[in-house]
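Visitor: Handing over entry-v4.txt, compact mmCIF, C-alpha atoms.
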```
# COMPACT_ATOMS: atom_id res chain seq x y z
CA MET A 1445 -32.21 -54.26 65.06
CA THR A 1446 -31.20 -57.90 65.26
CA THR A 1447 -32.67 -61.21 66.32
CA SER A 1448 -30.92 -64.51 66.68
CA SER A 1449 -32.33 -67.97 67.38
CA TRP A 1450 -30.31 -71.17 67.53
CA SER A 1451 -30.55 -74.73 68.79
CA THR A 1452 -27.49 -76.42 70.27
CA ARG A 1453 -26.70 -78.77 73.11
CA LEU A 1454 -25.76 -77.65 76.60
CA ARG A 1455 -22.99 -79.73 78.16
CA HIS A 1456 -20.70 -78.81 81.03
CA ASP A 1457 -18.66 -81.92 81.69
CA SER A 1458 -15.24 -81.05 80.26
CA ASP A 1459 -12.99 -78.15 79.30
CA ALA A 1460 -14.17 -78.54 75.71
CA THR A 1461 -17.88 -78.39 76.48
CA PHE A 1462 -17.43 -75.40 78.82
CA ARG A 1463 -15.64 -73.58 76.01
CA GLU A 1464 -18.36 -74.67 73.60
CA TRP A 1465 -21.35 -73.13 75.38
CA GLY A 1466 -19.44 -70.16 76.76
CA SER A 1467 -17.91 -69.06 73.47
CA GLU A 1468 -21.30 -69.56 71.80
CA PHE A 1469 -22.77 -67.12 74.32
CA ALA A 1470 -20.03 -64.61 73.63
CA THR A 1471 -20.51 -64.89 69.88
CA MET A 1472 -24.25 -64.23 70.18
CA TRP A 1473 -23.76 -61.05 72.25
CA ALA A 1474 -21.72 -59.67 69.36
CA THR A 1475 -24.05 -61.04 66.69
CA VAL A 1476 -27.03 -59.03 67.99
CA GLY A 1477 -25.04 -55.80 68.27
CA LEU A 1478 -23.50 -55.49 71.73
CA VAL A 1479 -19.91 -54.26 71.91
CA GLN A 1480 -17.25 -55.92 74.04
CA ALA A 1481 -15.38 -53.41 76.19
CA PRO A 1482 -11.56 -53.49 76.21
CA ASP A 1483 -11.23 -54.37 79.91
CA THR A 1484 -8.20 -56.35 80.92
CA GLY A 1485 -8.44 -59.86 82.32
CA GLN A 1486 -11.36 -61.11 80.23
CA ILE A 1487 -11.85 -64.78 79.50
CA ASN A 1488 -9.87 -66.47 76.70
CA TRP A 1489 -12.09 -69.13 75.15
CA SER A 1490 -9.15 -70.87 73.51
CA THR A 1491 -7.34 -71.65 76.75
CA VAL A 1492 -9.81 -71.46 79.65
CA VAL A 1493 -10.47 -74.63 81.65
CA ARG A 1494 -13.74 -75.63 83.23
CA PRO A 1495 -13.84 -74.12 86.73
CA GLY A 1496 -14.33 -76.19 89.84
CA THR A 1497 -17.57 -76.39 91.79
CA ASN A 1498 -18.99 -72.99 92.80
CA SER A 1499 -16.18 -71.23 90.96
CA LEU A 1500 -15.72 -68.57 88.28
CA GLY A 1501 -14.18 -69.56 84.97
CA GLY A 1502 -13.92 -66.01 83.68
CA TYR A 1503 -15.87 -62.94 82.65
CA GLU A 1504 -16.55 -60.56 79.78
CA ILE A 1505 -17.63 -56.90 79.76
CA TRP A 1506 -20.26 -55.94 77.18
CA ARG A 1507 -22.01 -52.63 76.56
CA PHE A 1508 -25.03 -51.31 74.70
CA ASN A 1509 -24.49 -49.59 71.34
CA ASP A 1510 -27.75 -47.69 71.04
CA SER A 1511 -29.10 -44.13 70.82
CA GLN A 1512 -28.87 -43.51 74.59
CA GLN A 1513 -25.49 -45.08 75.33
CA ALA A 1514 -23.60 -41.77 75.20
CA THR A 1515 -25.75 -40.14 77.90
CA ALA A 1516 -27.04 -43.19 79.83
CA PRO A 1517 -24.51 -45.99 79.30
CA ILE A 1518 -25.37 -49.61 80.09
CA PHE A 1519 -22.58 -52.11 80.73
CA MET A 1520 -22.86 -55.80 81.58
CA ARG A 1521 -20.37 -58.04 83.34
CA VAL A 1522 -21.11 -61.59 82.21
CA GLU A 1523 -19.60 -64.37 84.35
CA TYR A 1524 -19.23 -67.96 83.16
CA ARG A 1525 -19.21 -70.33 86.13
CA THR A 1526 -19.67 -73.83 87.51
CA GLY A 1527 -22.49 -74.23 90.00
CA THR A 1528 -23.04 -76.54 92.96
CA GLY A 1529 -22.10 -79.60 90.92
CA ALA A 1530 -19.19 -80.22 88.55
CA THR A 1531 -21.51 -80.45 85.50
CA VAL A 1532 -23.75 -77.47 86.36
CA PRO A 1533 -23.34 -74.47 84.00
CA VAL A 1534 -24.06 -71.06 85.52
CA VAL A 1535 -24.24 -67.57 83.98
CA ASN A 1536 -24.20 -64.50 86.21
CA VAL A 1537 -24.82 -60.95 84.97
CA THR A 1538 -24.20 -57.58 86.64
CA VAL A 1539 -25.53 -54.33 85.11
CA GLY A 1540 -23.91 -50.94 85.64
CA THR A 1541 -23.23 -47.62 83.93
CA GLY A 1542 -19.47 -47.91 83.51
CA SER A 1543 -16.38 -50.05 83.99
CA ASN A 1544 -13.03 -49.40 85.65
CA GLY A 1545 -11.18 -51.03 82.76
CA SER A 1546 -10.27 -54.19 84.65
CA GLY A 1547 -13.58 -55.94 84.99
CA THR A 1548 -15.39 -54.08 87.77
CA LEU A 1549 -18.62 -52.27 86.88
CA THR A 1550 -19.22 -48.81 88.29
CA GLY A 1551 -22.06 -46.35 88.81
CA THR A 1552 -24.79 -45.68 91.36
CA ALA A 1553 -27.39 -47.50 89.25
CA LEU A 1554 -25.73 -50.88 89.70
CA THR A 1555 -27.11 -54.38 90.22
CA THR A 1556 -25.23 -57.02 92.12
CA SER A 1557 -24.18 -60.22 90.36
CA ARG A 1558 -27.36 -62.12 89.39
CA GLN A 1559 -27.67 -65.72 88.23
CA ILE A 1560 -29.84 -65.70 85.09
CA ASN A 1561 -30.24 -69.47 84.69
CA GLY A 1562 -31.06 -72.43 86.89
CA GLY A 1563 -28.57 -74.74 88.50
CA THR A 1564 -28.83 -78.35 87.34
CA ALA A 1565 -26.38 -80.71 85.67
CA GLN A 1566 -26.43 -80.71 81.86
CA PRO A 1567 -24.45 -83.61 80.34
CA GLY A 1568 -26.75 -84.37 77.38
CA ASP A 1569 -26.60 -83.71 73.65
CA THR A 1570 -30.23 -82.69 73.04
CA GLY A 1571 -30.50 -79.44 71.07
CA ARG A 1572 -31.97 -76.58 73.14
CA GLN A 1573 -33.57 -73.58 71.47
CA SER A 1574 -32.43 -70.07 72.41
CA TYR A 1575 -33.81 -66.63 71.48
CA MET A 1576 -31.93 -63.33 71.63
CA CYS A 1577 -33.01 -59.87 70.45
CA CYS A 1578 -31.26 -56.51 70.60
CA VAL A 1579 -32.95 -53.30 69.43
CA ASP A 1580 -32.58 -49.65 70.38
CA GLY A 1581 -32.97 -49.55 74.17
CA PHE A 1582 -33.52 -53.25 74.69
CA ILE A 1583 -31.86 -56.64 74.91
CA GLY A 1584 -33.70 -59.88 75.67
CA LEU A 1585 -32.62 -63.51 76.00
CA ASN A 1586 -34.39 -66.81 76.61
CA TRP A 1587 -31.52 -69.32 76.82
CA LYS A 1588 -31.72 -73.09 76.25
CA VAL A 1589 -35.48 -73.61 76.36
CA GLY A 1590 -36.33 -76.95 77.91
CA ALA A 1591 -32.89 -77.53 79.42
CA SER A 1592 -34.48 -78.50 82.72
CA ALA A 1593 -33.74 -75.89 85.39
CA SER A 1594 -30.67 -74.65 83.51
CA GLU A 1595 -32.89 -72.63 81.18
CA GLY A 1596 -32.49 -68.89 81.71
CA MET A 1597 -33.79 -65.44 80.91
CA LEU A 1598 -32.34 -61.92 80.87
CA ILE A 1599 -34.11 -58.72 79.82
CA ILE A 1600 -32.83 -55.14 80.02
CA CYS A 1601 -35.35 -52.55 78.81
CA ARG A 1602 -34.85 -48.79 78.89
CA THR A 1603 -37.61 -46.36 79.78
CA CYS A 1604 -39.42 -44.71 76.88
CA ASP A 1605 -41.40 -41.61 75.91
CA SER A 1606 -45.03 -41.51 74.81
CA THR A 1607 -44.11 -42.68 71.29
CA GLY A 1608 -42.22 -45.72 72.56
CA ALA A 1609 -38.76 -44.28 71.80
CA PRO A 1610 -36.10 -45.17 74.42
CA THR A 1611 -35.09 -42.48 76.93
CA ALA A 1612 -32.11 -41.99 79.22
CA THR A 1613 -34.13 -41.95 82.46
CA GLY A 1614 -33.68 -45.56 83.55
CA ALA A 1615 -34.18 -49.24 82.83
CA MET A 1616 -35.75 -52.42 84.12
CA VAL A 1617 -33.62 -55.54 84.53
CA CYS A 1618 -35.30 -58.98 84.70
CA TRP A 1619 -33.66 -62.34 85.18
CA GLY A 1620 -35.01 -65.85 85.53
CA GLN A 1621 -33.66 -68.88 87.28
CA GLY A 1622 -35.65 -71.73 85.83
CA GLY A 1623 -39.15 -71.83 87.30
CA ALA A 1624 -42.66 -70.90 86.25
CA ASN A 1625 -43.11 -69.14 89.59
CA ALA A 1626 -39.61 -67.68 89.98
CA ILE A 1627 -38.58 -64.38 88.41
CA ASN A 1628 -36.50 -61.46 89.63
CA THR A 1629 -36.69 -57.76 88.77
CA GLN A 1630 -34.76 -54.60 89.57
CA ALA A 1631 -35.43 -51.04 88.44
CA LEU A 1632 -32.51 -48.68 87.76
CA ARG A 1633 -32.48 -44.90 87.39
CA PHE A 1634 -29.70 -43.37 85.26
CA ALA A 1635 -30.84 -39.72 85.36
CA SER A 1636 -29.78 -37.65 88.38
CA PRO A 1637 -30.18 -38.69 91.12
CA ALA A 1638 -29.09 -42.12 89.89
CA ALA A 1639 -30.38 -45.05 91.90
CA ALA A 1640 -30.69 -48.81 92.05
CA TYR A 1641 -34.05 -49.66 93.55
CA ALA A 1642 -34.41 -52.75 95.70
CA ALA A 1643 -34.20 -56.01 93.77
CA GLN A 1644 -37.43 -57.96 94.00
CA THR A 1645 -37.45 -61.74 94.22
CA SER A 1646 -40.84 -62.67 95.72
CA ALA A 1647 -43.87 -63.42 93.55
CA VAL A 1648 -45.87 -60.62 95.19
CA ASN A 1649 -43.34 -57.91 94.31
CA THR A 1650 -41.68 -58.95 91.05
CA ALA A 1651 -44.65 -58.56 88.70
CA LEU A 1652 -44.15 -56.29 85.70
CA GLY A 1653 -47.80 -56.48 84.64
CA LEU A 1654 -51.30 -57.47 85.66
CA ASN A 1655 -53.79 -60.01 84.34
CA PRO A 1656 -57.04 -58.52 85.74
CA GLN A 1657 -59.31 -61.13 87.32
CA SER A 1658 -57.07 -63.93 85.99
CA PRO A 1659 -59.27 -65.06 83.10
CA ALA A 1660 -58.60 -68.39 81.42
CA SER A 1661 -58.93 -66.61 78.07
CA THR A 1662 -58.07 -63.06 76.96
CA ALA A 1663 -59.74 -63.44 73.54
CA VAL A 1664 -61.67 -60.52 72.07
CA GLY A 1665 -63.22 -62.01 68.97
CA VAL A 1666 -60.38 -63.76 67.16
CA ASN A 1667 -57.66 -61.74 68.90
CA VAL A 1668 -55.88 -62.51 72.16
CA GLN A 1669 -54.49 -59.75 74.35
CA ALA A 1670 -51.00 -58.78 75.49
CA MET A 1671 -50.64 -57.09 78.88
CA MET A 1672 -48.31 -54.11 79.32
CA GLY A 1673 -45.35 -54.04 81.68
CA TRP A 1674 -44.25 -51.22 83.98
CA THR A 1675 -41.19 -49.95 85.83
CA ILE A 1676 -40.41 -47.22 88.39
CA THR A 1677 -37.88 -44.40 88.17
CA PRO A 1678 -39.51 -43.60 90.80
CA GLN A 1679 -42.30 -42.44 88.46
CA VAL A 1680 -44.32 -45.39 87.20
CA ALA A 1681 -43.55 -45.75 83.50
CA PRO A 1682 -44.49 -48.23 80.74
CA LEU A 1683 -42.08 -50.72 79.19
CA PHE A 1684 -41.99 -51.01 75.40
CA GLY A 1685 -39.89 -54.17 75.15
CA VAL A 1686 -41.86 -56.76 77.12
CA CYS A 1687 -45.44 -57.84 77.64
CA GLY A 1688 -47.38 -60.74 79.13
CA VAL A 1689 -49.47 -63.40 77.35
CA LEU A 1690 -51.29 -66.53 78.46
CA ASP A 1691 -49.26 -69.66 77.82
CA SER A 1692 -52.36 -71.42 76.51
CA GLU A 1693 -52.88 -68.72 73.87
CA VAL A 1694 -49.36 -68.08 72.51
CA ALA A 1695 -46.90 -70.97 72.37
CA VAL A 1696 -43.18 -70.50 73.04
CA GLY A 1697 -41.41 -69.27 69.92
CA ASN A 1698 -44.58 -67.93 68.29
CA THR A 1699 -44.66 -64.28 67.26
CA PHE A 1700 -47.41 -61.68 67.23
CA ALA A 1701 -47.84 -57.94 66.71
CA THR A 1702 -49.23 -55.52 69.28
CA THR A 1703 -49.02 -51.81 70.13
CA LEU A 1704 -47.89 -51.29 73.72
CA VAL A 1705 -46.68 -47.67 73.67
CA GLY A 1706 -47.32 -45.10 70.96
CA THR A 1707 -49.23 -45.86 67.77
CA VAL A 1708 -46.99 -48.26 65.85
CA ALA A 1709 -47.40 -52.03 66.24
CA ARG A 1710 -44.27 -54.03 67.01
CA THR A 1711 -43.47 -57.73 66.86
CA TYR A 1712 -42.96 -59.88 69.97
CA VAL A 1713 -42.05 -63.53 70.58
CA ALA A 1714 -43.46 -65.65 73.41
CA LEU A 1715 -40.92 -67.10 75.82
CA SER A 1716 -41.00 -70.30 77.82
CA THR A 1717 -42.92 -70.39 81.10
CA VAL A 1718 -39.69 -71.56 82.73
CA ALA A 1719 -38.33 -68.06 82.10
CA GLY A 1720 -40.78 -66.95 84.78
CA PRO A 1721 -44.16 -65.27 85.29
CA PHE A 1722 -44.94 -61.78 84.00
CA SER A 1723 -47.64 -61.13 86.61
CA ASP A 1724 -47.83 -62.08 90.27
CA GLN A 1725 -49.44 -65.37 89.25
CA ASN A 1726 -47.66 -68.56 88.24
CA ALA A 1727 -46.83 -68.48 84.52
CA GLY A 1728 -48.78 -71.69 83.95
CA GLY A 1729 -52.58 -71.94 84.03
CA SER A 1730 -54.22 -68.52 83.82
CA GLY A 1731 -51.06 -66.63 84.78
CA LEU A 1732 -49.03 -64.60 82.30
CA LYS A 1733 -45.64 -65.50 80.85
CA PHE A 1734 -43.10 -63.20 79.20
CA ALA A 1735 -43.03 -62.14 75.59
CA MET A 1736 -40.21 -59.88 74.32
CA LEU A 1737 -39.50 -57.74 71.28
CA TRP A 1738 -38.57 -59.71 68.20
CA GLU A 1739 -37.45 -57.32 65.44
```
For the structure just supplied, provide its representation as structure tokens.
Guide:
Amino acid sequence: MTTSSWSTRLRHDSDATFREWGSEFATMWATVGLVQAPDTGQINWSTVVRPGTNSLGGYEIWRFNDSQQATAPIFMRVEYRTGTGATVPVVNVTVGTGSNGSGTLTGTALTTSRQINGGTAQPGDTGRQSYMCCVDGFIGLNWKVGASASEGMLIICRTCDSTGAPTATGAMVCWGQGGANAINTQALRFASPAAAYAAQTSAVNTALGLNPQSPASTAVGVNVQAMMGWTITPQVAPLFGVCGVLDSEVAVGNTFATTLVGTVARTYVALSTVAGPFSDQNAGGSGLKFAMLWE
């Protein structure tokens, strides 16, 4: 179980700055415990040049290294790109259950390429905080908090049993594109019959959890509440790796303990509202924002 938090600038205005943020990303995937697959054609951070507008600079293939990987493998294709402007950094991620060895993900439970961050120019030197966590059955990322609409979020959380232990049935994939009212979700089933359920991108359909009656406070005595998240496989099932909290009650970067599934409390960290709303309400005001495992 590994967490990593760091604060560095985000620039995308030269070959050197593209290599800087991209190689940093690659280093962090390995730091938290993912394994890079040996696919051919992957990006070389020593020689790659910044791609042109709306172009791919290169990709990497990463996989989980957890208790379910042998029976329900999870692979990620991570693409490092330039967006609609020459100084716009873009990260796309595809999730699948295998790779063909040359950079193409395979499997029935397969997402398409998804942009996990916003698309604005980033030429400045201000340090931007990032959070990444990888535990058994889960990886979560809130990237470059406060970097305008270039901030991003990615969460992949396996299904679990009644104790909260990860299972091989399926997973939920969530990605954010830089807005308090913009989040995207897609449920995957790995067990037979494998399936990729429709990706959801509208506020009505993307919610992982519910904030009943939208109270301005969830306090019970001195304690605030965390709302559970759910996925489909197609059976509705709880998620152990993410929950929702009011922004006014838990600030970004603050941690707390709660018991979502099973009987053992686990630690979570609150993410930025720009990573997106957890419920079908805007993540500001009385709406919920994401919190993810932090162990």
Visitor: Compile the contact shell of Asp1724 of chain A as a list in words: residues with an atom at most 8 Å away, counting all atoms listed in the file, same-chain residues fewer than 6 positions apart removed.
Guide: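 Answer for this query is Ala1647, Val1648, Asn1649, Thr1650, Ala1651, Gly1653, Leu1654 and Gly1731 of chain A.
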Visitor: Could you check the closest approach to Thr1703 of chain A for each of A:Pro1678, A:Met1671, A:Thr1447, A:Asp1691 and tell me which residue wins, using all atoms listed in the file?
Guide: A:Met1671
Visitor: Which residues come within 10 Å of segment 1490-1503 of chain A, counting only C-alpha atoms, excluding same-chain residues fewer than 3 positions away, as a PyMOL selection string?
Guide: chain A and resi 1456-1464+1466-1467+1485-1487+1506+1521-1537+1547
Visitor: Excluding Gly1596 of chain A and residues on its chain fewer than 3 positions from it, collect all residues at most 7 Å away from it, counting only C-alpha atoms, and give them as a ChimeraX atom specification.
Guide: /A:1560-1562,1586-1588,1620-1622,1719
Visitor: I'd like to know which of A:Ala1663, A:Ser1451, A:Pro1517, A:Gln1644 is closest to Thr1613 of chain A, using all atoms listed in the file.
Guide: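 Nearest to Thr1613 of chain A: A:Pro1517.
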Visitor: Restricting the calculation to only C-alpha atoms: of A:Asn1488, A:Gln1725, A:Thr1555, A:Thr1541, which residue gets closest to Thr1515 of chain A?
Guide: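 Residue with the minimum atom-to-atom distance to Thr1515 of chain A: A:Thr1541.
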Visitor: Counting all atoms listed in the file, note down every residue that has an atom within 12 Å of the point (-23.1, -55.7, 76.9) (file coordinates), as JSON, numbers by chain.
Guide: {"A": [1469, 1470, 1471, 1472, 1473, 1474, 1475, 1476, 1477, 1478, 1479, 1480, 1481, 1482, 1503, 1504, 1505, 1506, 1507, 1508, 1509, 1510, 1513, 1517, 1518, 1519, 1520, 1521, 1522, 1523, 1537, 1538, 1539, 1540, 1541, 1542, 1543, 1549, 1578, 1581, 1582, 1583, 1584, 1598, 1599, 1600]}
Visitor: In Å, rounded to a single decimal, give me how far atom CA of Arg1633 of chain A is from atom CA of Ala1516 of chain A.
Guide: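 Calculated distance between atom CA of Ala1516 of chain A and atom CA of Arg1633 of chain A is 9.5 Å.
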Visitor: Neighbours of Gly1706 of chain A within 6 Å (all atoms listed in the file; same-chain residues fewer than 3 positions away dropped), as a VMD selection string?
Guide: chain A and resid 1606 to 1608
Visitor: Between atom CA of Gly1571 of chain A and atom CA of Ala1591 of chain A, what is the distance in Å, rounded to a tenth?
Guide: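 If I compute the distance from atom CA of Gly1571 of chain A to atom CA of Ala1591 of chain A, I get 8.9 Å.
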Visitor: Using all atoms listed in the file, which of the listed residues (A:Ala1701, A:Met1736, A:Ile1676, A:Ala1615) sits closest to Leu1715 of chain A?
Guide: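 Among the listed residues, A:Met1736 lies closest to Leu1715 of chain A.
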Visitor: Give me, please, the distance in Å between atom CA of Ala1565 of chain A and atom CA of Leu1585 of chain A, quoted to one decimal.
Guide: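 Taking atom CA of Ala1565 of chain A and atom CA of Leu1585 of chain A, their separation equals 20.7 Å.
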Visitor: Rank A:Ser1594, A:Gln1630, A:Thr1675, A:Ser1546 by their smallest atom-to-atom distance to Thr1564 of chain A, using only C-alpha atoms, and report the top residue only.
Guide: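 Looking at the shortest contact to Thr1564 of chain A, the residue is A:Ser1594.
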Visitor: With all atoms listed in the file as the atoms that count, which of A:Ala1695, A:Ala1631, A:Ala1735, A:Val1617 lies nearest to Val1680 of chain A?
Guide: A:Ala1631
Visitor: With a distance cut-off of 12 Å and only C-alpha atoms, select the neighbouring residues of Asp1605 of chain A, excluding the residue or stretch itself and same-chain residues fewer than 5 positions from it, and output the selection as a list of chain:residue names.
Guide: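 So, after excluding close chain neighbours, the residues are A:Gly1581, A:Pro1610, A:Thr1611, A:Ala1612, A:Thr1613, A:Gly1614, A:Ala1681, A:Pro1682, A:Leu1683, A:Phe1684, A:Leu1704, A:Val1705, A:Gly1706.
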Visitor: Could you complete segment 1693-1708 of chain A so that it carries N, CA and C atoms, and give it back as an mmCIF file, in the coordinates of the input?
Guide:
```
data_model
loop_
_atom_site.group_PDB
_atom_site.id
_atom_site.type_symbol
_atom_site.label_atom_id
_atom_site.label_comp_id
_atom_site.auth_asym_id
_atom_site.auth_seq_id
_atom_site.Cartn_x
_atom_site.Cartn_y
_atom_site.Cartn_z
ATOM 1 N N GLU A 1693 -52.455 -69.460 75.051
ATOM 2 C CA GLU A 1693 -52.880 -68.720 73.870
ATOM 3 C C GLU A 1693 -51.747 -68.427 72.892
ATOM 4 N N VAL A 1694 -50.509 -68.335 73.385
ATOM 5 C CA VAL A 1694 -49.360 -68.080 72.510
ATOM 6 C C VAL A 1694 -48.236 -69.029 72.913
ATOM 7 N N ALA A 1695 -47.916 -69.972 72.062
ATOM 8 C CA ALA A 1695 -46.900 -70.970 72.370
ATOM 9 C C ALA A 1695 -45.502 -70.369 72.301
ATOM 10 N N VAL A 1696 -44.564 -70.966 73.037
ATOM 11 C CA VAL A 1696 -43.180 -70.500 73.040
ATOM 12 C C VAL A 1696 -42.634 -70.498 71.614
ATOM 13 N N GLY A 1697 -41.985 -69.408 71.246
ATOM 14 C CA GLY A 1697 -41.410 -69.270 69.920
ATOM 15 C C GLY A 1697 -42.344 -68.650 68.897
ATOM 16 N N ASN A 1698 -43.635 -68.547 69.216
ATOM 17 C CA ASN A 1698 -44.580 -67.930 68.290
ATOM 18 C C ASN A 1698 -44.520 -66.413 68.406
ATOM 19 N N THR A 1699 -44.715 -65.730 67.285
ATOM 20 C CA THR A 1699 -44.660 -64.280 67.260
ATOM 21 C C THR A 1699 -46.035 -63.682 67.023
ATOM 22 N N PHE A 1700 -46.165 -62.414 67.415
ATOM 23 C CA PHE A 1700 -47.410 -61.680 67.230
ATOM 24 C C PHE A 1700 -47.092 -60.197 67.229
ATOM 25 N N ALA A 1701 -48.010 -59.385 66.747
ATOM 26 C CA ALA A 1701 -47.840 -57.940 66.710
ATOM 27 C C ALA A 1701 -48.820 -57.288 67.669
ATOM 28 N N THR A 1702 -48.355 -56.285 68.395
ATOM 29 C CA THR A 1702 -49.230 -55.520 69.280
ATOM 30 C C THR A 1702 -48.633 -54.132 69.468
ATOM 31 N N THR A 1703 -49.460 -53.191 69.879
ATOM 32 C CA THR A 1703 -49.020 -51.810 70.130
ATOM 33 C C THR A 1703 -49.094 -51.556 71.624
ATOM 34 N N LEU A 1704 -47.939 -51.513 72.277
ATOM 35 C CA LEU A 1704 -47.890 -51.290 73.720
ATOM 36 C C LEU A 1704 -47.813 -49.811 74.063
ATOM 37 N N VAL A 1705 -46.891 -49.097 73.413
ATOM 38 C CA VAL A 1705 -46.680 -47.670 73.670
ATOM 39 C C VAL A 1705 -46.627 -46.957 72.329
ATOM 40 N N GLY A 1706 -47.285 -45.826 72.213
ATOM 41 C CA GLY A 1706 -47.320 -45.100 70.960
ATOM 42 C C GLY A 1706 -48.410 -45.626 70.043
ATOM 43 N N THR A 1707 -48.193 -45.503 68.742
ATOM 44 C CA THR A 1707 -49.230 -45.860 67.770
ATOM 45 C C THR A 1707 -48.774 -46.891 66.743
ATOM 46 N N VAL A 1708 -47.536 -47.334 66.841
ATOM 47 C CA VAL A 1708 -46.990 -48.260 65.850
ATOM 48 C C VAL A 1708 -46.887 -49.665 66.454
#
```
